Amino acid sequence: MKTEDFEYFNELYNKKSFTKVAQTFGVSQPSISTALKRLETYFHSKLVIRGNAQTELHFTPEGEQLYKHTSSIMTELGSAQHELNHLKSHITTIGLPPMLKNAYFAKIVAASKEFDKYFNIKNMHIYEAGSNVLKKSLLDGDVDIALLGSLNSNVHEELNQEPFVKAHFKIFVSKKNPLSQKESVSFADLKKEQFIALDSNFVHNQAMTIFANENNIRPNFFMKTSDINFLMNMVAENLGIALLADIVNPNSSNIVVLPLNDENQPTFIGSIAFRRNHILTPEEQMFSTVLSKYSNTKNEISDQ
């Protein structure tokens with residue numbers, strides 16, 4: 001059995017044609033037939049029922065079952081190749097959501113000067129995206145280690161997630177907005193307000209949905225964006241209000257931050273995350289160590 005046998009089989013399941021699969025990979029049709037035979041021999045199972053030239057291929061229950069595994073097999077092979085190349089290059093790809101990057105990355109870089117022997121900032125490649133995108137990039141092997149935002153203590157089964165910050169969601173409003181005179185608000189008080197929100201790449205979008213469902217209201221969105229600074233500028237100009245985790249510092253003195261007094265609020269958790277089968281390099285371990293200096297979760301996460 002060869003590793004490309006799984007690629008051929010996966011494509012055969014989708015295209016239901018030996019000829020089309022052969023054309024896709026630029027090989028002969030007998031090469032696809034031979035790959036299938038190797039798989040059937042290895043698994044001691046009939047995987048495909050062939051018809052004539054006019055009928056579509058049919059997959060046996062064993063073939064259907066194997067197909068469910070081929071994508072993860074190919075992903076793991078790709079991740080293994082990435083991991084080995086990564087170890088040779090000594091380059092670490094770190095995923096950072098804009099919010100956690102703004103709050104913590106400068107501190108990490110500054111602290112790294114204490115660990116120059118182990119921690120070389122020049123060996124980092126930074127990939128910036130929302131937490132939902134970064135989670136997929138971690139699972140796909142495109143990112144080695146990442147900071148992730150999540151709600152409460154949700155942990156993906158294929159990832160190690162080590163929490164380092166716990167935060168509440170608050171409402172950010174302009175001083176020009178009458179809400180700014182309040183000491184706190186309930187989300188139900190905001191049903192007539194216009195929101196400037198983070199887009200679906202961010203867990204804030206999920207938090208907004210939870211607050212809205214709890215209060216049986218439909219938020220009015222002026223716009224959604226992935227740019228935190230742009231969002232803040234829009235809020236400062238009183239073009240809308242925003243729901244954000246309170247690790248965010250307003251970039252303008254014209255913004256007021258109000259606590260929410262709703263019960264059963266979602267909690268923002270910032271974690272350092274990596275694949276369970278990924279062995280941390282010394283640089284990545286030091287990255288985690290430095291980040292733990294800023295943790296506020298040591299006695300809190302376990303209480304949730």
# chains A, B, ... in the order shown; residues from 1 in each chain; ligands from 1
>>> residues_around(residues="range 167-176 of chain A", least_positions_apart="4", cutoff="6 Å", atoms="only C-alpha atoms", output="count of residues only")
19
>>> residues_around(residues="Val133 in chain A", least_positions_apart="4", cutoff="10 Å", atoms="only C-alpha atoms", output="list in words")
Gly95, Pro97, Glu128, Ala129, Ser137, Leu138, Leu148, Ser200, Asn201 and Phe202 of chain A
>>> write_last_selection(atoms="N, CA and C atoms", output="mmCIF file, in the first residue's frame")
data_model
loop_
_atom_site.group_PDB
_atom_site.id
_atom_site.type_symbol
_atom_site.label_atom_id
_atom_site.label_comp_id
_atom_site.auth_asym_id
_atom_site.auth_seq_id
_atom_site.Cartn_x
_atom_site.Cartn_y
_atom_site.Cartn_z
ATOM 1 N N GLY A 95 -0.414 31.466 15.194
ATOM 2 C CA GLY A 95 -1.678 32.095 14.839
ATOM 3 C C GLY A 95 -2.141 33.046 15.925
ATOM 4 N N PRO A 97 -5.271 35.864 16.880
ATOM 5 C CA PRO A 97 -6.451 36.689 16.615
ATOM 6 C C PRO A 97 -6.092 38.147 16.915
ATOM 7 N N GLU A 128 -2.304 36.062 11.169
ATOM 8 C CA GLU A 128 -3.361 36.755 11.909
ATOM 9 C C GLU A 128 -4.721 36.429 11.310
ATOM 10 N N ALA A 129 -5.643 35.998 12.150
ATOM 11 C CA ALA A 129 -7.008 35.683 11.715
ATOM 12 C C ALA A 129 -7.883 35.548 12.957
ATOM 13 N N SER A 137 -7.108 26.194 10.948
ATOM 14 C CA SER A 137 -5.715 26.180 10.485
ATOM 15 C C SER A 137 -4.841 25.287 11.357
ATOM 16 N N LEU A 138 -5.110 25.278 12.668
ATOM 17 C CA LEU A 138 -4.393 24.368 13.564
ATOM 18 C C LEU A 138 -4.683 22.915 13.207
ATOM 19 N N LEU A 148 -6.149 31.264 20.954
ATOM 20 C CA LEU A 148 -7.533 31.121 20.525
ATOM 21 C C LEU A 148 -8.470 31.731 21.553
ATOM 22 N N SER A 200 -18.061 36.698 11.517
ATOM 23 C CA SER A 200 -18.214 35.304 11.945
ATOM 24 C C SER A 200 -16.898 34.584 12.197
ATOM 25 N N ASN A 201 -15.773 35.204 11.862
ATOM 26 C CA ASN A 201 -14.473 34.601 12.161
ATOM 27 C C ASN A 201 -14.120 34.696 13.642
ATOM 28 N N PHE A 202 -14.907 35.444 14.398
ATOM 29 C CA PHE A 202 -14.616 35.702 15.799
ATOM 30 C C PHE A 202 -15.678 35.069 16.700
#
>>> select_by_dssp(residues="range 215-301 of chain A", states="strand (DSSP E or B)", output="PyMOL selection string")
chain A and resi 220-225+241-245+255-260+268-275
>>> select_by_dssp(residues="range 133-162 of chain A", states="alpha helix (DSSP H)", output="PyMOL selection string")
chain A and resi 133-140
>>> write_last_selection(atoms="N, CA, C and O atoms", output="PDB file, in the first residue's frame")
ATOM      1  N   VAL A 133     -11.192  30.797  12.385  1.00  0.00           N
ATOM      2  CA  VAL A 133     -10.314  30.467  11.263  1.00  0.00           C
ATOM      3  C   VAL A 133      -9.051  29.779  11.766  1.00  0.00           C
ATOM      4  O   VAL A 133      -8.593  28.782  11.197  1.00  0.00           O
ATOM      5  N   LEU A 134      -8.488  30.296  12.849  1.00  0.00           N
ATOM      6  CA  LEU A 134      -7.240  29.737  13.381  1.00  0.00           C
ATOM      7  C   LEU A 134      -7.426  28.311  13.884  1.00  0.00           C
ATOM      8  O   LEU A 134      -6.515  27.484  13.758  1.00  0.00           O
ATOM      9  N   LYS A 135      -8.577  28.016  14.453  1.00  0.00           N
ATOM     10  CA  LYS A 135      -8.831  26.655  14.920  1.00  0.00           C
ATOM     11  C   LYS A 135      -8.747  25.675  13.755  1.00  0.00           C
ATOM     12  O   LYS A 135      -8.127  24.614  13.858  1.00  0.00           O
ATOM     13  N   LYS A 136      -9.341  26.026  12.634  1.00  0.00           N
ATOM     14  CA  LYS A 136      -9.276  25.162  11.440  1.00  0.00           C
ATOM     15  C   LYS A 136      -7.842  25.072  10.925  1.00  0.00           C
ATOM     16  O   LYS A 136      -7.383  23.997  10.518  1.00  0.00           O
ATOM     17  N   SER A 137      -7.108  26.194  10.948  1.00  0.00           N
ATOM     18  CA  SER A 137      -5.715  26.180  10.485  1.00  0.00           C
ATOM     19  C   SER A 137      -4.841  25.287  11.357  1.00  0.00           C
ATOM     20  O   SER A 137      -3.933  24.610  10.862  1.00  0.00           O
ATOM     21  N   LEU A 138      -5.110  25.278  12.668  1.00  0.00           N
ATOM     22  CA  LEU A 138      -4.393  24.368  13.564  1.00  0.00           C
ATOM     23  C   LEU A 138      -4.683  22.915  13.207  1.00  0.00           C
ATOM     24  O   LEU A 138      -3.770  22.085  13.091  1.00  0.00           O
ATOM     25  N   LEU A 139      -5.965  22.601  13.027  1.00  0.00           N
ATOM     26  CA  LEU A 139      -6.361  21.224  12.736  1.00  0.00           C
ATOM     27  C   LEU A 139      -5.818  20.770  11.390  1.00  0.00           C
ATOM     28  O   LEU A 139      -5.487  19.594  11.207  1.00  0.00           O
ATOM     29  N   ASP A 140      -5.704  21.705  10.431  1.00  0.00           N
ATOM     30  CA  ASP A 140      -5.192  21.370   9.103  1.00  0.00           C
ATOM     31  C   ASP A 140      -3.674  21.322   9.057  1.00  0.00           C
ATOM     32  O   ASP A 140      -3.091  20.939   8.038  1.00  0.00           O
TER      33      ASP A 140
END
>>> atom_distance(atom1="CA of Gln265 in chain A", atom2="CA of Ala197 in chain A")
17.8 Å
>>> residues_around(residues="Lys20 in chain A", least_positions_apart="6", cutoff="12 Å", atoms="only C-alpha atoms", output="MDAnalysis selection string")
chainID A and resid 8 11:14 26:29 32
>>> residues_around(residues="Leu159 in chain A", least_positions_apart="5", cutoff="8 Å", atoms="only C-alpha atoms", output="list in words")
Leu139, Ala273, Phe274, Arg275 and Arg276 of chain A
>>> closest_residue(among="A:Gly270, A:Gly63, A:Pro250, A:Pro219", to="Leu231 in chain A", atoms="only C-alpha atoms")
A:Pro250
>>> closest_residue(among="A:Leu36, A:Lys2, A:Asn160, A:Arg50", to="Ile279 in chain A", atoms="only C-alpha atoms")
A:Asn160
>>> decode(residues="range 112-245 of chain A", atoms="C-alpha atoms", output="short mmCIF file (atom, residue, chain, number, x, y, z; two decimals), in the first residue's frame")
data_model
loop_
_atom_site.label_atom_id
_atom_site.label_comp_id
_atom_site.auth_asym_id
_atom_site.auth_seq_id
_atom_site.Cartn_x
_atom_site.Cartn_y
_atom_site.Cartn_z
CA SER A 112 11.34 37.11 25.15
CA LYS A 113 14.44 39.26 25.63
CA GLU A 114 14.87 37.45 28.93
CA PHE A 115 15.07 34.16 27.06
CA ASP A 116 17.22 34.97 24.04
CA LYS A 117 18.98 31.64 24.37
CA TYR A 118 15.73 29.76 23.74
CA PHE A 119 13.33 32.20 22.15
CA ASN A 120 14.22 33.81 18.82
CA ILE A 121 11.51 36.14 17.55
CA LYS A 122 13.12 36.01 14.09
CA ASN A 123 12.12 32.35 13.84
CA MET A 124 8.42 33.17 14.07
CA HIS A 125 5.95 33.51 11.23
CA ILE A 126 2.78 35.29 12.34
CA TYR A 127 -0.59 34.38 10.85
CA GLU A 128 -3.36 36.76 11.91
CA ALA A 129 -7.01 35.68 11.72
CA GLY A 130 -10.11 35.25 13.85
CA SER A 131 -10.20 32.37 16.33
CA ASN A 132 -12.66 30.31 14.28
CA VAL A 133 -10.31 30.47 11.26
CA LEU A 134 -7.24 29.74 13.38
CA LYS A 135 -8.83 26.65 14.92
CA LYS A 136 -9.28 25.16 11.44
CA SER A 137 -5.72 26.18 10.48
CA LEU A 138 -4.39 24.37 13.56
CA LEU A 139 -6.36 21.22 12.74
CA ASP A 140 -5.19 21.37 9.10
CA GLY A 141 -1.55 21.72 10.18
CA ASP A 142 -1.07 25.17 8.63
CA VAL A 143 -0.37 26.73 12.04
CA ASP A 144 1.87 25.17 14.72
CA ILE A 145 0.57 26.97 17.79
CA ALA A 146 -2.05 29.67 18.28
CA LEU A 147 -3.82 31.90 20.71
CA LEU A 148 -7.53 31.12 20.52
CA GLY A 149 -10.59 32.80 21.92
CA SER A 150 -13.51 30.58 22.91
CA LEU A 151 -16.69 30.78 24.95
CA ASN A 152 -16.63 29.29 28.45
CA SER A 153 -14.37 26.21 28.51
CA ASN A 154 -15.14 24.72 25.09
CA VAL A 155 -12.21 22.51 24.02
CA HIS A 156 -11.81 20.74 20.70
CA GLU A 157 -11.02 17.05 21.14
CA GLU A 158 -8.04 17.20 18.74
CA LEU A 159 -6.42 20.21 20.40
CA ASN A 160 -4.62 20.92 23.63
CA GLN A 161 -5.97 24.25 24.89
CA GLU A 162 -4.30 25.81 27.91
CA PRO A 163 -6.35 28.78 29.21
CA PHE A 164 -4.45 31.88 30.27
CA VAL A 165 -7.09 34.62 30.40
CA LYS A 166 -10.73 34.79 31.45
CA ALA A 167 -12.77 37.87 30.58
CA HIS A 168 -16.32 39.18 30.63
CA PHE A 169 -18.14 40.72 27.70
CA LYS A 170 -18.93 44.43 27.95
CA ILE A 171 -20.60 47.09 25.88
CA PHE A 172 -18.46 49.77 24.24
CA VAL A 173 -20.30 53.04 23.50
CA SER A 174 -19.46 56.57 22.46
CA LYS A 175 -19.58 59.37 25.05
CA LYS A 176 -22.12 60.95 22.69
CA ASN A 177 -24.49 58.02 23.27
CA PRO A 178 -26.96 58.51 26.18
CA LEU A 179 -26.06 54.99 27.35
CA SER A 180 -22.65 56.33 28.37
CA GLN A 181 -24.29 57.96 31.40
CA LYS A 182 -25.28 54.58 32.82
CA GLU A 183 -23.14 52.56 35.23
CA SER A 184 -24.21 49.25 33.62
CA VAL A 185 -26.76 47.93 31.12
CA SER A 186 -28.78 44.83 30.38
CA PHE A 187 -28.60 43.41 26.88
CA ALA A 188 -32.39 43.78 26.66
CA ASP A 189 -31.88 47.56 27.00
CA LEU A 190 -30.00 47.51 23.68
CA LYS A 191 -32.73 46.23 21.37
CA LYS A 192 -33.09 49.64 19.67
CA GLU A 193 -29.35 50.24 19.42
CA GLN A 194 -27.26 49.81 16.28
CA PHE A 195 -24.29 47.42 16.59
CA ILE A 196 -20.85 47.49 15.02
CA ALA A 197 -19.84 43.84 15.36
CA LEU A 198 -16.96 41.50 14.68
CA ASP A 199 -17.67 39.08 11.84
CA SER A 200 -18.21 35.30 11.95
CA ASN A 201 -14.47 34.60 12.16
CA PHE A 202 -14.62 35.70 15.80
CA VAL A 203 -16.21 34.00 18.82
CA HIS A 204 -17.76 37.38 19.65
CA ASN A 205 -20.29 36.60 16.95
CA GLN A 206 -21.35 33.53 18.92
CA ALA A 207 -21.51 35.54 22.15
CA MET A 208 -23.78 38.07 20.45
CA THR A 209 -26.09 35.22 19.41
CA ILE A 210 -26.25 33.91 22.99
CA PHE A 211 -27.10 37.32 24.46
CA ALA A 212 -29.71 37.92 21.76
CA ASN A 213 -31.37 34.52 22.22
CA GLU A 214 -31.42 34.89 26.00
CA ASN A 215 -33.26 38.19 25.64
CA ASN A 216 -35.41 37.17 22.66
CA ILE A 217 -34.30 40.12 20.54
CA ARG A 218 -32.78 40.50 17.09
CA PRO A 219 -29.79 42.89 17.15
CA ASN A 220 -29.70 45.64 14.56
CA PHE A 221 -26.30 45.50 12.83
CA PHE A 222 -24.93 48.58 11.09
CA MET A 223 -21.98 46.51 9.89
CA LYS A 224 -19.61 43.64 10.72
CA THR A 225 -15.85 43.82 10.40
CA SER A 226 -12.64 41.95 11.24
CA ASP A 227 -10.72 45.16 11.95
CA ILE A 228 -10.74 45.97 15.68
CA ASN A 229 -9.34 49.49 15.29
CA PHE A 230 -11.86 50.34 12.58
CA LEU A 231 -14.64 49.04 14.83
CA MET A 232 -13.41 51.24 17.69
CA ASN A 233 -13.27 54.30 15.45
CA MET A 234 -16.86 53.69 14.34
CA VAL A 235 -17.98 53.37 17.98
CA ALA A 236 -16.09 56.54 18.96
CA GLU A 237 -17.99 58.41 16.23
CA ASN A 238 -21.27 57.11 17.69
CA LEU A 239 -22.16 55.13 14.56
CA GLY A 240 -22.97 52.12 16.69
CA ILE A 241 -22.15 50.23 19.89
CA ALA A 242 -20.06 47.06 20.26
CA LEU A 243 -20.01 43.88 22.33
CA LEU A 244 -16.40 42.99 23.14
CA ALA A 245 -14.42 41.01 25.70
#
